[in-house]
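Coordinates from final-v8.pdb are shown below (PDB, N, CA and C atoms, pLDDT in the B column).
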ATOM      1  N   MET A 831     137.058 -35.836 124.423  1.00 51.00           N
ATOM      2  CA  MET A 831     136.075 -36.880 124.650  1.00 51.00           C
ATOM      3  C   MET A 831     134.723 -36.397 124.139  1.00 51.00           C
ATOM      4  N   ALA A 832     133.980 -37.280 123.507  1.00 63.00           N
ATOM      5  CA  ALA A 832     132.688 -36.928 122.938  1.00 63.00           C
ATOM      6  C   ALA A 832     131.661 -36.690 124.043  1.00 63.00           C
ATOM      7  N   ARG A 833     130.811 -35.721 123.787  1.00 76.00           N
ATOM      8  CA  ARG A 833     129.761 -35.386 124.744  1.00 76.00           C
ATOM      9  C   ARG A 833     128.608 -36.360 124.568  1.00 76.00           C
ATOM     10  N   LYS A 834     128.062 -36.862 125.634  1.00 83.00           N
ATOM     11  CA  LYS A 834     126.962 -37.811 125.578  1.00 83.00           C
ATOM     12  C   LYS A 834     125.645 -37.056 125.418  1.00 83.00           C
ATOM     13  N   LYS A 835     124.770 -37.610 124.591  1.00 85.00           N
ATOM     14  CA  LYS A 835     123.456 -37.004 124.381  1.00 85.00           C
ATOM     15  C   LYS A 835     122.483 -37.578 125.395  1.00 85.00           C
ATOM     16  N   SER A 836     121.557 -36.739 125.802  1.00 94.00           N
ATOM     17  CA  SER A 836     120.532 -37.222 126.712  1.00 94.00           C
ATOM     18  C   SER A 836     119.463 -37.962 125.910  1.00 94.00           C
ATOM     19  N   THR A 837     118.697 -38.772 126.595  1.00 95.00           N
ATOM     20  CA  THR A 837     117.619 -39.518 125.959  1.00 95.00           C
ATOM     21  C   THR A 837     116.606 -38.566 125.346  1.00 95.00           C
ATOM     22  N   GLU A 838     116.341 -37.456 126.004  1.00 94.00           N
ATOM     23  CA  GLU A 838     115.393 -36.478 125.498  1.00 94.00           C
ATOM     24  C   GLU A 838     115.868 -35.868 124.178  1.00 94.00           C
ATOM     25  N   THR A 839     117.165 -35.600 124.098  1.00 95.00           N
ATOM     26  CA  THR A 839     117.744 -35.037 122.881  1.00 95.00           C
ATOM     27  C   THR A 839     117.627 -36.038 121.737  1.00 95.00           C
ATOM     28  N   ILE A 840     117.930 -37.276 122.024  1.00 96.00           N
ATOM     29  CA  ILE A 840     117.837 -38.319 121.004  1.00 96.00           C
ATOM     30  C   ILE A 840     116.381 -38.491 120.563  1.00 96.00           C
ATOM     31  N   ASP A 841     115.454 -38.490 121.517  1.00 96.00           N
ATOM     32  CA  ASP A 841     114.028 -38.603 121.183  1.00 96.00           C
ATOM     33  C   ASP A 841     113.569 -37.447 120.302  1.00 96.00           C
ATOM     34  N   ALA A 842     114.061 -36.254 120.590  1.00 97.00           N
ATOM     35  CA  ALA A 842     113.692 -35.079 119.794  1.00 97.00           C
ATOM     36  C   ALA A 842     114.246 -35.221 118.372  1.00 97.00           C
ATOM     37  N   GLU A 843     115.462 -35.703 118.242  1.00 97.00           N
ATOM     38  CA  GLU A 843     116.048 -35.909 116.908  1.00 97.00           C
ATOM     39  C   GLU A 843     115.279 -36.981 116.142  1.00 97.00           C
ATOM     40  N   ILE A 844     114.895 -38.049 116.830  1.00 98.00           N
ATOM     41  CA  ILE A 844     114.110 -39.112 116.196  1.00 98.00           C
ATOM     42  C   ILE A 844     112.792 -38.549 115.681  1.00 98.00           C
ATOM     43  N   ALA A 845     112.120 -37.750 116.499  1.00 98.00           N
ATOM     44  CA  ALA A 845     110.842 -37.157 116.096  1.00 98.00           C
ATOM     45  C   ALA A 845     111.018 -36.250 114.887  1.00 98.00           C
ATOM     46  N   LYS A 846     112.097 -35.471 114.870  1.00 98.00           N
ATOM     47  CA  LYS A 846     112.352 -34.570 113.743  1.00 98.00           C
ATOM     48  C   LYS A 846     112.610 -35.355 112.463  1.00 98.00           C
ATOM     49  N   VAL A 847     113.416 -36.390 112.553  1.00 98.00           N
ATOM     50  CA  VAL A 847     113.721 -37.206 111.374  1.00 98.00           C
ATOM     51  C   VAL A 847     112.450 -37.886 110.864  1.00 98.00           C
ATOM     52  N   MET A 848     111.631 -38.383 111.757  1.00 98.00           N
ATOM     53  CA  MET A 848     110.377 -39.032 111.348  1.00 98.00           C
ATOM     54  C   MET A 848     109.442 -38.031 110.670  1.00 98.00           C
ATOM     55  N   ALA A 849     109.382 -36.814 111.177  1.00 98.00           N
ATOM     56  CA  ALA A 849     108.545 -35.784 110.564  1.00 98.00           C
ATOM     57  C   ALA A 849     109.074 -35.430 109.174  1.00 98.00           C
ATOM     58  N   ASP A 850     110.381 -35.307 109.050  1.00 98.00           N
ATOM     59  CA  ASP A 850     110.991 -35.016 107.742  1.00 98.00           C
ATOM     60  C   ASP A 850     110.704 -36.141 106.748  1.00 98.00           C
ATOM     61  N   MET A 851     110.802 -37.377 107.207  1.00 98.00           N
ATOM     62  CA  MET A 851     110.519 -38.512 106.333  1.00 98.00           C
ATOM     63  C   MET A 851     109.058 -38.526 105.889  1.00 98.00           C
ATOM     64  N   SER A 852     108.174 -38.147 106.775  1.00 98.00           N
ATOM     65  CA  SER A 852     106.756 -38.101 106.444  1.00 98.00           C
ATOM     66  C   SER A 852     106.484 -37.060 105.362  1.00 98.00           C
ATOM     67  N   LYS A 853     107.124 -35.904 105.482  1.00 98.00           N
ATOM     68  CA  LYS A 853     106.972 -34.858 104.470  1.00 98.00           C
ATOM     69  C   LYS A 853     107.493 -35.332 103.117  1.00 98.00           C
ATOM     70  N   LEU A 854     108.635 -36.010 103.144  1.00 98.00           N
ATOM     71  CA  LEU A 854     109.206 -36.520 101.903  1.00 98.00           C
ATOM     72  C   LEU A 854     108.312 -37.590 101.281  1.00 98.00           C
ATOM     73  N   GLN A 855     107.711 -38.429 102.118  1.00 98.00           N
ATOM     74  CA  GLN A 855     106.813 -39.465 101.608  1.00 98.00           C
ATOM     75  C   GLN A 855     105.594 -38.825 100.949  1.00 98.00           C
ATOM     76  N   ASP A 856     105.066 -37.773 101.559  1.00 98.00           N
ATOM     77  CA  ASP A 856     103.924 -37.060 100.965  1.00 98.00           C
ATOM     78  C   ASP A 856     104.308 -36.478  99.605  1.00 98.00           C
ATOM     79  N   ARG A 857     105.480 -35.885  99.526  1.00 98.00           N
ATOM     80  CA  ARG A 857     105.951 -35.312  98.265  1.00 98.00           C
ATOM     81  C   ARG A 857     106.141 -36.406  97.220  1.00 98.00           C
ATOM     82  N   TYR A 858     106.723 -37.519  97.633  1.00 98.00           N
ATOM     83  CA  TYR A 858     106.928 -38.645  96.720  1.00 98.00           C
ATOM     84  C   TYR A 858     105.586 -39.148  96.188  1.00 98.00           C
ATOM     85  N   ASP A 859     104.610 -39.291  97.073  1.00 98.00           N
ATOM     86  CA  ASP A 859     103.291 -39.785  96.663  1.00 98.00           C
ATOM     87  C   ASP A 859     102.644 -38.863  95.647  1.00 98.00           C
ATOM     88  N   LYS A 860     102.760 -37.549  95.858  1.00 98.00           N
ATOM     89  CA  LYS A 860     102.189 -36.581  94.919  1.00 98.00           C
ATOM     90  C   LYS A 860     102.878 -36.669  93.561  1.00 98.00           C
ATOM     91  N   LEU A 861     104.205 -36.778  93.573  1.00 98.00           N
ATOM     92  CA  LEU A 861     104.950 -36.883  92.319  1.00 98.00           C
ATOM     93  C   LEU A 861     104.644 -38.197  91.599  1.00 98.00           C
ATOM     94  N   ALA A 862     104.485 -39.266  92.346  1.00 98.00           N
ATOM     95  CA  ALA A 862     104.158 -40.562  91.744  1.00 98.00           C
ATOM     96  C   ALA A 862     102.782 -40.498  91.078  1.00 98.00           C
ATOM     97  N   GLU A 863     101.839 -39.839  91.702  1.00 98.00           N
ATOM     98  CA  GLU A 863     100.505 -39.682  91.123  1.00 98.00           C
ATOM     99  C   GLU A 863     100.553 -38.831  89.857  1.00 98.00           C
ATOM    100  N   LYS A 864     101.352 -37.772  89.885  1.00 98.00           N
ATOM    101  CA  LYS A 864     101.495 -36.918  88.708  1.00 98.00           C
ATOM    102  C   LYS A 864     102.118 -37.707  87.559  1.00 98.00           C
ATOM    103  N   LEU A 865     103.126 -38.509  87.853  1.00 98.00           N
ATOM    104  CA  LEU A 865     103.762 -39.343  86.837  1.00 98.00           C
ATOM    105  C   LEU A 865     102.753 -40.317  86.231  1.00 98.00           C
ATOM    106  N   LYS A 866     101.963 -40.924  87.073  1.00 98.00           N
ATOM    107  CA  LYS A 866     100.940 -41.866  86.604  1.00 98.00           C
ATOM    108  C   LYS A 866      99.959 -41.165  85.663  1.00 98.00           C
ATOM    109  N   ASP A 867      99.521 -39.973  86.029  1.00 98.00           N
ATOM    110  CA  ASP A 867      98.595 -39.202  85.192  1.00 98.00           C
ATOM    111  C   ASP A 867      99.229 -38.853  83.843  1.00 98.00           C
ATOM    112  N   LEU A 868     100.477 -38.416  83.869  1.00 98.00           N
ATOM    113  CA  LEU A 868     101.160 -38.056  82.626  1.00 98.00           C
ATOM    114  C   LEU A 868     101.351 -39.266  81.718  1.00 98.00           C
ATOM    115  N   GLN A 869     101.686 -40.388  82.298  1.00 98.00           N
ATOM    116  CA  GLN A 869     101.852 -41.601  81.495  1.00 98.00           C
ATOM    117  C   GLN A 869     100.521 -42.022  80.870  1.00 98.00           C
ATOM    118  N   GLU A 870      99.436 -41.864  81.594  1.00 98.00           N
ATOM    119  CA  GLU A 870      98.112 -42.194  81.061  1.00 98.00           C
ATOM    120  C   GLU A 870      97.744 -41.247  79.918  1.00 98.00           C
ATOM    121  N   GLN A 871      98.039 -39.961  80.077  1.00 98.00           N
ATOM    122  CA  GLN A 871      97.782 -38.989  79.002  1.00 98.00           C
ATOM    123  C   GLN A 871      98.572 -39.372  77.748  1.00 98.00           C
ATOM    124  N   LYS A 872      99.829 -39.746  77.934  1.00 98.00           N
ATOM    125  CA  LYS A 872     100.667 -40.133  76.799  1.00 98.00           C
ATOM    126  C   LYS A 872     100.094 -41.373  76.121  1.00 98.00           C
ATOM    127  N   ARG A 873      99.678 -42.353  76.908  1.00 97.00           N
ATOM    128  CA  ARG A 873      99.123 -43.577  76.351  1.00 97.00           C
ATOM    129  C   ARG A 873      97.868 -43.286  75.525  1.00 97.00           C
ATOM    130  N   ARG A 874      97.002 -42.399  76.052  1.00 97.00           N
ATOM    131  CA  ARG A 874      95.776 -42.048  75.318  1.00 97.00           C
ATOM    132  C   ARG A 874      96.092 -41.342  74.004  1.00 97.00           C
ATOM    133  N   ARG A 875      97.048 -40.436  74.019  1.00 96.00           N
ATOM    134  CA  ARG A 875      97.416 -39.720  72.788  1.00 96.00           C
ATOM    135  C   ARG A 875      98.010 -40.669  71.756  1.00 96.00           C
ATOM    136  N   GLU A 876      98.862 -41.573  72.212  1.00 95.00           N
ATOM    137  CA  GLU A 876      99.455 -42.528  71.284  1.00 95.00           C
ATOM    138  C   GLU A 876      98.386 -43.456  70.696  1.00 95.00           C
ATOM    139  N   ALA A 877      97.412 -43.836  71.504  1.00 94.00           N
ATOM    140  CA  ALA A 877      96.325 -44.680  71.015  1.00 94.00           C
ATOM    141  C   ALA A 877      95.507 -43.927  69.965  1.00 94.00           C
ATOM    142  N   SER A 878      95.258 -42.655  70.208  1.00 92.00           N
ATOM    143  CA  SER A 878      94.516 -41.840  69.233  1.00 92.00           C
ATOM    144  C   SER A 878      95.285 -41.719  67.930  1.00 92.00           C
ATOM    145  N   LEU A 879      96.579 -41.509  68.032  1.00 92.00           N
ATOM    146  CA  LEU A 879      97.414 -41.393  66.839  1.00 92.00           C
ATOM    147  C   LEU A 879      97.394 -42.700  66.042  1.00 92.00           C
ATOM    148  N   GLU A 880      97.482 -43.819  66.733  1.00 91.00           N
ATOM    149  CA  GLU A 880      97.433 -45.111  66.050  1.00 91.00           C
ATOM    150  C   GLU A 880      96.087 -45.302  65.342  1.00 91.00           C
ATOM    151  N   GLU A 881      95.020 -44.873  65.980  1.00 89.00           N
ATOM    152  CA  GLU A 881      93.694 -44.986  65.379  1.00 89.00           C
ATOM    153  C   GLU A 881      93.614 -44.146  64.108  1.00 89.00           C
ATOM    154  N   ILE A 882      94.138 -42.939  64.151  1.00 89.00           N
ATOM    155  CA  ILE A 882      94.130 -42.056  62.988  1.00 89.00           C
ATOM    156  C   ILE A 882      94.968 -42.665  61.861  1.00 89.00           C
ATOM    157  N   MET A 883      96.127 -43.204  62.225  1.00 88.00           N
ATOM    158  CA  MET A 883      97.000 -43.813  61.220  1.00 88.00           C
ATOM    159  C   MET A 883      96.332 -45.017  60.549  1.00 88.00           C
ATOM    160  N   THR A 884      95.534 -45.735  61.287  1.00 88.00           N
ATOM    161  CA  THR A 884      94.811 -46.882  60.734  1.00 88.00           C
ATOM    162  C   THR A 884      93.858 -46.431  59.642  1.00 88.00           C
ATOM    163  N   PHE A 885      93.185 -45.315  59.835  1.00 83.00           N
ATOM    164  CA  PHE A 885      92.254 -44.795  58.843  1.00 83.00           C
ATOM    165  C   PHE A 885      92.966 -44.234  57.626  1.00 83.00           C
ATOM    166  N   LEU A 886      94.190 -43.793  57.806  1.00 86.00           N
ATOM    167  CA  LEU A 886      94.928 -43.181  56.690  1.00 86.00           C
ATOM    168  C   LEU A 886      95.643 -44.204  55.810  1.00 86.00           C
ATOM    169  N   LYS A 887      95.741 -45.441  56.264  1.00 81.00           N
ATOM    170  CA  LYS A 887      96.426 -46.462  55.464  1.00 81.00           C
ATOM    171  C   LYS A 887      95.594 -46.773  54.219  1.00 81.00           C
ATOM    172  N   PRO A 888      96.261 -46.952  53.063  1.00 72.00           N
ATOM    173  CA  PRO A 888      95.524 -47.254  51.819  1.00 72.00           C
ATOM    174  C   PRO A 888      94.932 -48.646  51.807  1.00 72.00           C
TER     175      PRO A 888
END
Conversion result in structure tokens:
Amino acid sequence: MARKKSTETIDAEIAKVMADMSKLQDRYDKLAEKLKDLQEQKRRREASLEEIMTFLKP
């Protein structure tokens, strides 16, 4: 027969899972910001390249 968990045990597990989710959300937010920055850098470089190519056309 399965052992029943106490309310305190369940509350402690809930708190742990919520804390873990919060840490993961923080990590996700940091990675999302880094991705945004990298995409902006790429866009700027591509725009510069297009500008240079415009000047090189005969």
Neighbour residues at most 10 Å from (100.5, -44.7, 91.3) (only C-alpha atoms) as a list in words: Asp859, Lys860, Leu861, Ala862, Glu863, Lys864, Leu865, Lys866 and Asp867 of chain A
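Here CA of Arg873 in chain A is placed at a distance of 25.9 Å from CA of Asp856 in chain A.
Distance-wise, CA of Arg857 in chain A and CA of Arg874 in chain A end up 26.0 Å apart.
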Enclosing box along x, y and z for every listed atom of range 846-849 of chain A, padded 4 Å each side, centre and size in Å, one decimal, as lines of an AutoDock Vina configuration file:
center_x = 111.1
center_y = -36.8
center_z = 112.0
size_x = 13.2
size_y = 12.5
size_z = 13.7
